[in-house]
Structure formats: C-alpha cells, structure tokens
$ cat data.pdb   # PDB, C-alpha atoms, pLDDT in the B column
ATOM      1  CA  MET B   1     -98.190 -26.677 135.303  1.00 47.00           C
ATOM      2  CA  GLN B   2     -96.545 -23.476 134.204  1.00 62.00           C
ATOM      3  CA  CYS B   3     -92.904 -24.287 134.855  1.00 72.00           C
ATOM      4  CA  ASP B   4     -90.847 -26.384 132.398  1.00 73.00           C
ATOM      5  CA  THR B   5     -88.863 -27.980 135.211  1.00 70.00           C
ATOM      6  CA  LYS B   6     -89.167 -31.754 135.645  1.00 73.00           C
ATOM      7  CA  PHE B   7     -90.346 -32.449 139.172  1.00 69.00           C
ATOM      8  CA  ASP B   8     -89.101 -35.376 141.278  1.00 69.00           C
ATOM      9  CA  PHE B   9     -88.208 -36.116 144.913  1.00 74.00           C
ATOM     10  CA  ILE B  10     -85.451 -33.497 144.913  1.00 74.00           C
ATOM     11  CA  THR B  11     -87.113 -30.801 142.791  1.00 74.00           C
ATOM     12  CA  ARG B  12     -90.443 -30.084 144.445  1.00 79.00           C
ATOM     13  CA  LYS B  13     -93.578 -28.436 143.076  1.00 81.00           C
ATOM     14  CA  HIS B  14     -94.728 -25.208 144.668  1.00 83.00           C
ATOM     15  CA  HIS B  15     -98.179 -23.718 144.211  1.00 86.00           C
ATOM     16  CA  CYS B  16     -98.657 -20.004 143.692  1.00 89.00           C
ATOM     17  CA  ARG B  17    -101.193 -18.988 146.362  1.00 88.00           C
ATOM     18  CA  ARG B  18    -102.787 -16.481 143.993  1.00 87.00           C
ATOM     19  CA  CYS B  19    -103.230 -18.354 140.683  1.00 87.00           C
ATOM     20  CA  GLY B  20    -102.842 -21.940 141.960  1.00 86.00           C
ATOM     21  CA  ARG B  21    -100.447 -23.041 139.213  1.00 87.00           C
ATOM     22  CA  CYS B  22     -97.400 -25.251 139.909  1.00 85.00           C
ATOM     23  CA  PHE B  23     -93.839 -23.928 139.674  1.00 86.00           C
ATOM     24  CA  CYS B  24     -90.344 -24.856 140.777  1.00 85.00           C
ATOM     25  CA  ASP B  25     -88.805 -23.061 143.756  1.00 81.00           C
ATOM     26  CA  ARG B  26     -86.952 -20.557 141.540  1.00 83.00           C
ATOM     27  CA  CYS B  27     -90.103 -19.568 139.578  1.00 82.00           C
ATOM     28  CA  CYS B  28     -92.310 -19.318 142.675  1.00 83.00           C
ATOM     29  CA  SER B  29     -89.998 -17.877 145.287  1.00 84.00           C
ATOM     30  CA  GLU B  30     -91.498 -14.465 146.041  1.00 86.00           C
ATOM     31  CA  LYS B  31     -93.428 -14.061 149.263  1.00 89.00           C
ATOM     32  CA  VAL B  32     -95.912 -11.218 149.094  1.00 86.00           C
ATOM     33  CA  PRO B  33     -98.943 -10.270 151.220  1.00 83.00           C
ATOM     34  CA  LEU B  34    -102.232 -11.232 149.586  1.00 83.00           C
ATOM     35  CA  ARG B  35    -104.858  -9.121 151.357  1.00 75.00           C
ATOM     36  CA  ARG B  36    -107.653  -9.680 148.869  1.00 71.00           C
ATOM     37  CA  MET B  37    -107.606 -13.397 149.728  1.00 75.00           C
ATOM     38  CA  CYS B  38    -107.292 -12.691 153.465  1.00 76.00           C
ATOM     39  CA  PHE B  39    -103.758 -14.054 153.913  1.00 77.00           C
ATOM     40  CA  VAL B  40    -102.305 -12.161 156.868  1.00 74.00           C
ATOM     41  CA  ASP B  41     -98.677 -13.158 156.328  1.00 87.00           C
ATOM     42  CA  PRO B  42     -96.792 -12.982 153.011  1.00 89.00           C
ATOM     43  CA  VAL B  43     -97.376 -16.097 150.893  1.00 90.00           C
ATOM     44  CA  ARG B  44     -95.529 -17.815 148.033  1.00 90.00           C
ATOM     45  CA  GLN B  45     -96.436 -16.435 144.595  1.00 91.00           C
ATOM     46  CA  CYS B  46     -95.118 -16.716 141.061  1.00 90.00           C
ATOM     47  CA  ALA B  47     -93.400 -13.658 139.558  1.00 88.00           C
ATOM     48  CA  ALA B  48     -96.452 -12.501 137.545  1.00 87.00           C
ATOM     49  CA  CYS B  49     -98.816 -12.757 140.494  1.00 88.00           C
ATOM     50  CA  ALA B  50     -96.308 -11.134 142.862  1.00 89.00           C
ATOM     51  CA  LEU B  51     -96.109  -8.081 140.599  1.00 87.00           C
ATOM     52  CA  LEU B  52     -99.894  -7.751 140.566  1.00 85.00           C
ATOM     53  CA  SER B  53    -100.064  -8.281 144.341  1.00 86.00           C
ATOM     54  CA  HIS B  54     -97.512  -5.497 144.891  1.00 84.00           C
ATOM     55  CA  ARG B  55     -99.693  -3.153 142.804  1.00 82.00           C
ATOM     56  CA  GLU B  56    -102.788  -4.175 144.758  1.00 81.00           C
ATOM     57  CA  ALA B  57    -100.997  -3.555 148.069  1.00 82.00           C
ATOM     58  CA  GLU B  58    -100.029  -0.072 146.874  1.00 81.00           C
ATOM     59  CA  PHE B  59    -103.646   0.518 145.851  1.00 80.00           C
ATOM     60  CA  TYR B  60    -104.958  -0.603 149.253  1.00 79.00           C
ATOM     61  CA  ASP B  61    -102.465   1.660 151.018  1.00 79.00           C
ATOM     62  CA  LYS B  62    -103.003   4.781 148.904  1.00 82.00           C
ATOM     63  CA  GLN B  63    -106.124   4.906 146.735  1.00 83.00           C
ATOM     64  CA  LEU B  64    -108.696   2.874 148.651  1.00 87.00           C
ATOM     65  CA  LYS B  65    -109.171   5.573 151.312  1.00 89.00           C
ATOM     66  CA  VAL B  66    -109.881   8.138 148.579  1.00 90.00           C
ATOM     67  CA  LEU B  67    -112.559   5.910 147.001  1.00 91.00           C
ATOM     68  CA  LEU B  68    -114.204   5.187 150.355  1.00 92.00           C
ATOM     69  CA  SER B  69    -114.392   8.888 151.295  1.00 91.00           C
ATOM     70  CA  GLY B  70    -116.018   9.838 147.976  1.00 92.00           C
ATOM     71  CA  ALA B  71    -116.229  13.055 145.995  1.00 91.00           C
ATOM     72  CA  THR B  72    -118.801  15.389 144.466  1.00 91.00           C
ATOM     73  CA  PHE B  73    -119.696  14.939 140.798  1.00 92.00           C
ATOM     74  CA  HIS B  74    -122.236  16.077 138.238  1.00 92.00           C
ATOM     75  CA  VAL B  75    -123.806  12.713 137.381  1.00 93.00           C
ATOM     76  CA  THR B  76    -125.716  11.837 134.219  1.00 93.00           C
ATOM     77  CA  LEU B  77    -127.423   8.444 134.158  1.00 89.00           C
ATOM     78  CA  GLY B  78    -128.292   6.663 130.921  1.00 86.00           C
ATOM     79  CA  ASN B  79    -129.442   8.845 128.029  1.00 83.00           C
ATOM     80  CA  SER B  80    -130.632  11.660 130.260  1.00 86.00           C
ATOM     81  CA  GLU B  81    -129.732  15.207 129.245  1.00 86.00           C
ATOM     82  CA  LYS B  82    -129.952  16.440 132.826  1.00 90.00           C
ATOM     83  CA  SER B  83    -127.189  15.956 135.373  1.00 90.00           C
ATOM     84  CA  GLU B  84    -127.562  15.779 139.138  1.00 91.00           C
ATOM     85  CA  THR B  85    -124.998  16.759 141.748  1.00 91.00           C
ATOM     86  CA  MET B  86    -124.163  13.651 143.751  1.00 92.00           C
ATOM     87  CA  VAL B  87    -121.502  12.276 146.038  1.00 92.00           C
ATOM     88  CA  CYS B  88    -119.979   9.118 144.589  1.00 93.00           C
ATOM     89  CA  ARG B  89    -118.105   6.735 146.865  1.00 94.00           C
ATOM     90  CA  LEU B  90    -117.138   3.103 147.176  1.00 93.00           C
ATOM     91  CA  SER B  91    -119.165   1.056 149.663  1.00 93.00           C
ATOM     92  CA  ASN B  92    -117.441  -0.193 152.814  1.00 91.00           C
ATOM     93  CA  ASN B  93    -117.473  -3.769 151.504  1.00 88.00           C
ATOM     94  CA  GLN B  94    -115.876  -2.481 148.252  1.00 86.00           C
ATOM     95  CA  ARG B  95    -118.538  -4.115 146.065  1.00 89.00           C
ATOM     96  CA  TYR B  96    -120.679  -1.110 145.074  1.00 93.00           C
ATOM     97  CA  LEU B  97    -120.399   2.443 143.821  1.00 93.00           C
ATOM     98  CA  ILE B  98    -122.852   4.461 145.868  1.00 95.00           C
ATOM     99  CA  LEU B  99    -124.283   7.627 144.351  1.00 94.00           C
ATOM    100  CA  GLY B 100    -126.084   9.875 146.813  1.00 92.00           C
ATOM    101  CA  GLY B 101    -127.924  13.120 146.169  1.00 86.00           C
ATOM    102  CA  ASP B 102    -131.593  13.897 145.581  1.00 87.00           C
ATOM    103  CA  SER B 103    -131.826  10.307 144.348  1.00 89.00           C
ATOM    104  CA  HIS B 104    -129.825   7.252 145.402  1.00 92.00           C
ATOM    105  CA  HIS B 105    -128.188   4.616 143.173  1.00 92.00           C
ATOM    106  CA  GLU B 106    -125.951   1.623 143.819  1.00 93.00           C
ATOM    107  CA  ILE B 107    -123.913   0.048 141.021  1.00 92.00           C
ATOM    108  CA  GLU B 108    -122.284  -3.315 141.601  1.00 92.00           C
ATOM    109  CA  ILE B 109    -118.576  -3.097 140.690  1.00 89.00           C
ATOM    110  CA  ALA B 110    -118.658  -6.575 139.120  1.00 87.00           C
ATOM    111  CA  ASN B 111    -121.262  -5.311 136.601  1.00 89.00           C
ATOM    112  CA  ILE B 112    -119.053  -2.499 135.261  1.00 90.00           C
ATOM    113  CA  SER B 113    -117.860  -3.455 131.796  1.00 88.00           C
ATOM    114  CA  THR B 114    -116.140  -0.286 130.522  1.00 89.00           C
ATOM    115  CA  VAL B 115    -114.345   2.631 132.165  1.00 90.00           C
ATOM    116  CA  GLN B 116    -113.327   5.658 130.109  1.00 90.00           C
ATOM    117  CA  ILE B 117    -111.545   8.756 131.389  1.00 88.00           C
ATOM    118  CA  VAL B 118    -112.781  12.134 130.142  1.00 88.00           C
ATOM    119  CA  THR B 119    -110.028  14.742 129.694  1.00 84.00           C
ATOM    120  CA  GLU B 120    -109.687  18.303 128.490  1.00 80.00           C
ATOM    121  CA  GLY B 121    -106.848  20.591 127.522  1.00 71.00           C
ATOM    122  CA  PHE B 122    -104.647  18.062 125.735  1.00 64.00           C
ATOM    123  CA  ALA B 123    -101.759  19.693 123.931  1.00 55.00           C
ATOM    124  CA  PRO B 124     -98.945  17.959 122.027  1.00 61.00           C
ATOM    125  CA  GLY B 125     -96.092  17.399 124.483  1.00 62.00           C
ATOM    126  CA  GLY B 126     -98.334  18.522 127.344  1.00 64.00           C
ATOM    127  CA  SER B 127    -100.656  16.651 129.600  1.00 70.00           C
ATOM    128  CA  ALA B 128    -104.423  16.426 129.642  1.00 72.00           C
ATOM    129  CA  ARG B 129    -106.439  17.270 132.706  1.00 78.00           C
ATOM    130  CA  VAL B 130    -108.855  14.600 133.949  1.00 81.00           C
ATOM    131  CA  THR B 131    -112.351  16.067 134.262  1.00 86.00           C
ATOM    132  CA  GLY B 132    -114.598  13.035 134.395  1.00 91.00           C
ATOM    133  CA  MET B 133    -115.288   9.379 133.770  1.00 93.00           C
ATOM    134  CA  CYS B 134    -117.807   7.354 131.767  1.00 93.00           C
ATOM    135  CA  LEU B 135    -118.799   3.915 133.040  1.00 92.00           C
ATOM    136  CA  GLN B 136    -120.859   1.312 131.240  1.00 92.00           C
ATOM    137  CA  TYR B 137    -122.513  -1.328 133.370  1.00 92.00           C
ATOM    138  CA  THR B 138    -125.220  -3.933 133.224  1.00 90.00           C
ATOM    139  CA  VAL B 139    -128.306  -3.781 135.371  1.00 87.00           C
ATOM    140  CA  PRO B 140    -129.449  -7.230 136.556  1.00 85.00           C
ATOM    141  CA  GLY B 141    -132.633  -8.195 134.710  1.00 85.00           C
ATOM    142  CA  ALA B 142    -132.247  -5.490 132.053  1.00 83.00           C
ATOM    143  CA  GLU B 143    -130.984  -5.907 128.506  1.00 86.00           C
ATOM    144  CA  GLY B 144    -127.903  -4.094 127.258  1.00 87.00           C
ATOM    145  CA  THR B 145    -125.713  -1.702 129.187  1.00 90.00           C
ATOM    146  CA  THR B 146    -126.371   1.580 130.962  1.00 92.00           C
ATOM    147  CA  GLN B 147    -124.001   4.524 130.884  1.00 93.00           C
ATOM    148  CA  LEU B 148    -123.012   6.637 133.871  1.00 93.00           C
ATOM    149  CA  ARG B 149    -121.130   9.883 133.333  1.00 94.00           C
ATOM    150  CA  LEU B 150    -119.292  11.492 136.256  1.00 93.00           C
ATOM    151  CA  MET B 151    -117.948  15.013 135.746  1.00 92.00           C
ATOM    152  CA  ALA B 152    -115.815  16.584 138.461  1.00 89.00           C
ATOM    153  CA  GLY B 153    -117.967  18.900 140.524  1.00 70.00           C
ATOM    154  CA  GLU B 154    -117.107  21.450 143.117  1.00 63.00           C
ATOM    155  CA  ASP B 155    -117.536  20.428 146.721  1.00 56.00           C
ATOM    156  CA  ALA B 156    -118.365  22.728 149.648  1.00 56.00           C
ATOM    157  CA  ASN B 157    -114.801  24.097 149.513  1.00 56.00           C
ATOM    158  CA  ALA B 158    -115.207  24.986 145.813  1.00 50.00           C
ATOM    159  CA  SER B 159    -112.379  22.578 144.922  1.00 64.00           C
ATOM    160  CA  LYS B 160    -112.243  19.910 142.236  1.00 80.00           C
ATOM    161  CA  ARG B 161    -109.105  18.417 143.765  1.00 84.00           C
ATOM    162  CA  GLN B 162    -110.943  15.706 145.720  1.00 87.00           C
ATOM    163  CA  ALA B 163    -112.990  14.714 142.653  1.00 89.00           C
ATOM    164  CA  THR B 164    -109.856  14.537 140.507  1.00 87.00           C
ATOM    165  CA  ALA B 165    -108.080  12.369 143.109  1.00 88.00           C
ATOM    166  CA  TRP B 166    -111.165  10.115 143.267  1.00 90.00           C
ATOM    167  CA  LEU B 167    -111.174   9.741 139.457  1.00 91.00           C
ATOM    168  CA  ALA B 168    -107.475   8.814 139.436  1.00 88.00           C
ATOM    169  CA  ALA B 169    -108.023   6.241 142.190  1.00 89.00           C
ATOM    170  CA  MET B 170    -111.050   4.763 140.377  1.00 89.00           C
ATOM    171  CA  HIS B 171    -109.018   4.499 137.166  1.00 87.00           C
ATOM    172  CA  LYS B 172    -106.278   2.574 139.011  1.00 85.00           C
ATOM    173  CA  ALA B 173    -108.922   0.328 140.589  1.00 85.00           C
ATOM    174  CA  ALA B 174    -110.409  -0.444 137.170  1.00 83.00           C
ATOM    175  CA  LYS B 175    -106.978  -1.304 135.752  1.00 82.00           C
ATOM    176  CA  LEU B 176    -106.305  -3.669 138.660  1.00 77.00           C
ATOM    177  CA  LEU B 177    -109.699  -5.328 138.218  1.00 75.00           C
ATOM    178  CA  TYR B 178    -109.118  -5.905 134.506  1.00 73.00           C
ATOM    179  CA  GLU B 179    -105.601  -7.255 135.115  1.00 70.00           C
ATOM    180  CA  SER B 180    -106.841  -9.684 137.761  1.00 65.00           C
ATOM    181  CA  ARG B 181    -109.757 -10.799 135.539  1.00 61.00           C
ATOM    182  CA  ASP B 182    -107.329 -11.537 132.699  1.00 56.00           C
ATOM    183  CA  GLN B 183    -105.213 -13.835 134.883  1.00 54.00           C
TER     184      GLN B 183
END
$ encode --input "data.pdb" --output "structure tokens"
Amino acid sequence: MQCDTKFDFITRKHHCRRCGRCFCDRCCSEKVPLRRMCFVDPVRQCAACALLSHREAEFYDKQLKVLLSGATFHVTLGNSEKSETMVCRLSNNQRYLILGGDSHHEIEIANISTVQIVTEGFAPGGSARVTGMCLQYTVPGAEGTTQLRLMAGEDANASKRQATAWLAAMHKAAKLLYESRDQ
C-alpha cells in the first residue's frame, strides 16, 4: 500500500492500473490512456504513473513515427576504426534497433544499458548541436558490453535533419525506458 489512508467500508482501496499499488480515491483519481499495456480506454492511475503515462502518450504521438521511419548514420560497431553508412530504425514491434547497409544488425532494445548523446559546438550560454549517439548493449551469450556509435549522416537529400530528429526521438525513448524501469 502506498497511501496512508485507513481503508474501511466507506473509504475504498483503488489499484493503479500501471503500478498495481493501492491508493485512496483522492490519490488514484486520474484516468489516463495506457497504450503500452493495451488498455483502449483511459484507466485509473496514481499521480506518479499518470505523469509517466502522459509522457508516453506524447512519445507515441510524436516521436515513434520518426524512430520507425529511420535515418542515415555513419555507424561504428565495437572497437572498429571503420564506420559504415547505414539506415537505423526501430522495428515494427518496437523491440529492436535495425541497422541496414552493406551488413545487417539487430540490437534488442531491452539489452541496451547506456545511451549517451554526442554533441558539438557547445558555448557558454549557447546550445550544443546533437551530432550522434553512443549505445552500450549486451549481446546474448557474450561477455561484457558492445558499443555502437551513430553519427548523423547525410541522406539522399544531403540533409542531417532527419538523423538529428531520429537522435532526439531515441533520446526521449531511452529516458522513458529508464523512468519506467525505475518504477
């Protein structure tokens, strides 16, 4: 139980549909859609879970399409010195990062342990420009972690805009994953 209220016949317990903890009506009164658990209609959630569910809904509405469509990157796998131009996208079932180019790689999202944004041009009082991302992940059956470095590449239209949007969306996805794991 997470609520300090004493429950009886008049004061009922309510379960948050996201975390499963018990609360009084006042502490568990928000009704929010919970797409990741396949609830079609809004369901009762505690305040903390409702906030996270609102962020997830915004992610599904805005960033998910960007991740599914993919972007062009210069990809360096492991300790390799050589990079390869590849298209990186999220799989349709949202469980894998798919890297396609001369070679093909699939990285299970659940195996990603660290996400770091690579920036350039940081000035005091100014903003840095996102140019890439470093991911560390485990490979099933292998010891230790493997590093993947994605640097924004130019697509057929000679634009890094799509790659930059993809990096921003992936960063938001990683933050949501870590927040939901911590719950």
$ residues_near_point --input "data.pdb" --point "(-125.9, 8.7, 132.1)" --cutoff "6 Å" --atoms "all atoms listed in the file" --output "list in words"
Thr76, Leu77, Gly78, Asn79, Ser80, Gln147, Leu148 and Arg149 of chain B
$ closest_residue --input "data.pdb" --among "B:Ile112, B:Tyr137, B:Gly132, B:Thr72" --to "Ala174 in chain B" --atoms "only C-alpha atoms"
B:Ile112
$ resolve_selection --input "data.pdb" --expression "the PyMOL selection byres ((chain B and resi 131) around 10)" --output "list in words"
Phe73, Ile117, Val118, Thr119, Glu120, Gly121, Ala128, Arg129, Val130, Gly132, Met133, Leu150, Met151, Ala152, Gly153, Lys160, Ala163, Thr164 and Leu167 of chain B
$ residues_around --input "data.pdb" --residues "Gln45 in chain B" --least-positions-apart "3" --cutoff "8 Å" --atoms "only C-alpha atoms" --output "PyMOL selection string"
chain B and resi 15-18+28-32+49-50
$ closest_residue --input "data.pdb" --among "B:Leu52, B:Cys3, B:Cys24, B:Met170" --to "Gly70 in chain B" --atoms "all atoms listed in the file"
B:Met170
$ resolve_selection --input "data.pdb" --expression "the PyMOL selection byres ((chain B and resi 68) around 7)" --output "list in words"
Leu64, Lys65, Val66, Leu67, Ser69, Gly70, Arg89, Leu90, Ser91 and Asn92 of chain B
$ atom_distance --input "data.pdb" --atom1 "CA of Ala169 in chain B" --atom2 "CA of Asn93 in chain B"
16.6 Å
$ atom_distance --input "data.pdb" --atom1 "CA of Arg35 in chain B" --atom2 "CA of Thr138 in chain B"
27.8 Å
$ residues_around --input "data.pdb" --residues "His104 in chain B" --least-positions-apart "5" --cutoff "9 Å" --atoms "only C-alpha atoms" --output "list in words"
Met86, Ile98 and Leu99 of chain B
$ write_last_selection --input "data.pdb" --atoms "C-alpha atoms" --output "PDB file, in the coordinates of the input"
ATOM      1  CA  MET B  86    -124.163  13.651 143.751  1.00 92.00           C
ATOM      2  CA  ILE B  98    -122.852   4.461 145.868  1.00 95.00           C
ATOM      3  CA  LEU B  99    -124.283   7.627 144.351  1.00 94.00           C
TER       4      LEU B  99
END
$ residues_around --input "data.pdb" --residues "Thr11 in chain B" --least-positions-apart "6" --cutoff "12 Å" --atoms "all atoms listed in the file" --output "MDAnalysis selection string"
chainID B and resid 3:5 23:26
$ write_last_selection --input "data.pdb" --atoms "C-alpha atoms" --output "compact mmCIF listing (two decimals), in the frame of the given file"
# COMPACT_ATOMS: atom_id res chain seq x y z
CA CYS B 3 -92.90 -24.29 134.85
CA ASP B 4 -90.85 -26.38 132.40
CA THR B 5 -88.86 -27.98 135.21
CA PHE B 23 -93.84 -23.93 139.67
CA CYS B 24 -90.34 -24.86 140.78
CA ASP B 25 -88.80 -23.06 143.76
CA ARG B 26 -86.95 -20.56 141.54
$ closest_residue --input "data.pdb" --among "B:Ser113, B:Asp102, B:Ala71, B:Arg36" --to "Val87 in chain B" --atoms "only C-alpha atoms"
B:Ala71
$ build_atoms --input "data.pdb" --residues "range 163-178 of chain B" --atoms "N, CA, C and O atoms" --output "PDB file, in the frame of the given file"
ATOM      1  N   ALA B 163    -112.362  15.468 143.744  1.00 89.00           N
ATOM      2  CA  ALA B 163    -112.990  14.714 142.653  1.00 89.00           C
ATOM      3  C   ALA B 163    -111.936  14.175 141.687  1.00 89.00           C
ATOM      4  O   ALA B 163    -112.026  13.030 141.232  1.00 89.00           O
ATOM      5  N   THR B 164    -110.922  14.978 141.401  1.00 87.00           N
ATOM      6  CA  THR B 164    -109.856  14.537 140.507  1.00 87.00           C
ATOM      7  C   THR B 164    -109.069  13.383 141.116  1.00 87.00           C
ATOM      8  O   THR B 164    -108.737  12.422 140.429  1.00 87.00           O
ATOM      9  N   ALA B 165    -108.784  13.461 142.421  1.00 88.00           N
ATOM     10  CA  ALA B 165    -108.080  12.369 143.109  1.00 88.00           C
ATOM     11  C   ALA B 165    -108.940  11.103 143.094  1.00 88.00           C
ATOM     12  O   ALA B 165    -108.428   9.995 142.914  1.00 88.00           O
ATOM     13  N   TRP B 166    -110.256  11.253 143.276  1.00 90.00           N
ATOM     14  CA  TRP B 166    -111.165  10.115 143.267  1.00 90.00           C
ATOM     15  C   TRP B 166    -111.166   9.459 141.887  1.00 90.00           C
ATOM     16  O   TRP B 166    -111.120   8.234 141.770  1.00 90.00           O
ATOM     17  N   LEU B 167    -111.192  10.280 140.828  1.00 91.00           N
ATOM     18  CA  LEU B 167    -111.174   9.741 139.457  1.00 91.00           C
ATOM     19  C   LEU B 167    -109.890   8.965 139.183  1.00 91.00           C
ATOM     20  O   LEU B 167    -109.920   7.892 138.586  1.00 91.00           O
ATOM     21  N   ALA B 168    -108.755   9.506 139.633  1.00 88.00           N
ATOM     22  CA  ALA B 168    -107.475   8.814 139.436  1.00 88.00           C
ATOM     23  C   ALA B 168    -107.455   7.483 140.182  1.00 88.00           C
ATOM     24  O   ALA B 168    -107.001   6.464 139.654  1.00 88.00           O
ATOM     25  N   ALA B 169    -107.972   7.472 141.401  1.00 89.00           N
ATOM     26  CA  ALA B 169    -108.023   6.241 142.190  1.00 89.00           C
ATOM     27  C   ALA B 169    -108.961   5.218 141.553  1.00 89.00           C
ATOM     28  O   ALA B 169    -108.651   4.025 141.492  1.00 89.00           O
ATOM     29  N   MET B 170    -110.097   5.667 141.030  1.00 89.00           N
ATOM     30  CA  MET B 170    -111.050   4.763 140.377  1.00 89.00           C
ATOM     31  C   MET B 170    -110.446   4.182 139.102  1.00 89.00           C
ATOM     32  O   MET B 170    -110.647   3.007 138.789  1.00 89.00           O
ATOM     33  N   HIS B 171    -109.683   4.987 138.379  1.00 87.00           N
ATOM     34  CA  HIS B 171    -109.018   4.499 137.166  1.00 87.00           C
ATOM     35  C   HIS B 171    -108.018   3.403 137.516  1.00 87.00           C
ATOM     36  O   HIS B 171    -107.956   2.367 136.851  1.00 87.00           O
ATOM     37  N   LYS B 172    -107.226   3.607 138.575  1.00 85.00           N
ATOM     38  CA  LYS B 172    -106.278   2.574 139.011  1.00 85.00           C
ATOM     39  C   LYS B 172    -107.013   1.317 139.454  1.00 85.00           C
ATOM     40  O   LYS B 172    -106.582   0.202 139.176  1.00 85.00           O
ATOM     41  N   ALA B 173    -108.129   1.482 140.148  1.00 85.00           N
ATOM     42  CA  ALA B 173    -108.922   0.328 140.589  1.00 85.00           C
ATOM     43  C   ALA B 173    -109.425  -0.464 139.390  1.00 85.00           C
ATOM     44  O   ALA B 173    -109.363  -1.697 139.381  1.00 85.00           O
ATOM     45  N   ALA B 174    -109.904   0.236 138.371  1.00 83.00           N
ATOM     46  CA  ALA B 174    -110.409  -0.444 137.170  1.00 83.00           C
ATOM     47  C   ALA B 174    -109.290  -1.212 136.475  1.00 83.00           C
ATOM     48  O   ALA B 174    -109.491  -2.355 136.043  1.00 83.00           O
ATOM     49  N   LYS B 175    -108.110  -0.611 136.380  1.00 82.00           N
ATOM     50  CA  LYS B 175    -106.978  -1.304 135.752  1.00 82.00           C
ATOM     51  C   LYS B 175    -106.617  -2.564 136.524  1.00 82.00           C
ATOM     52  O   LYS B 175    -106.383  -3.618 135.929  1.00 82.00           O
ATOM     53  N   LEU B 176    -106.602  -2.488 137.847  1.00 77.00           N
ATOM     54  CA  LEU B 176    -106.305  -3.669 138.660  1.00 77.00           C
ATOM     55  C   LEU B 176    -107.364  -4.752 138.478  1.00 77.00           C
ATOM     56  O   LEU B 176    -107.041  -5.936 138.387  1.00 77.00           O
ATOM     57  N   LEU B 177    -108.622  -4.352 138.422  1.00 75.00           N
ATOM     58  CA  LEU B 177    -109.699  -5.328 138.218  1.00 75.00           C
ATOM     59  C   LEU B 177    -109.553  -6.040 136.880  1.00 75.00           C
ATOM     60  O   LEU B 177    -109.686  -7.263 136.799  1.00 75.00           O
ATOM     61  N   TYR B 178    -109.270  -5.286 135.814  1.00 73.00           N
ATOM     62  CA  TYR B 178    -109.118  -5.905 134.506  1.00 73.00           C
ATOM     63  C   TYR B 178    -107.908  -6.817 134.459  1.00 73.00           C
ATOM     64  O   TYR B 178    -107.947  -7.881 133.870  1.00 73.00           O
TER      65      TYR B 178
END
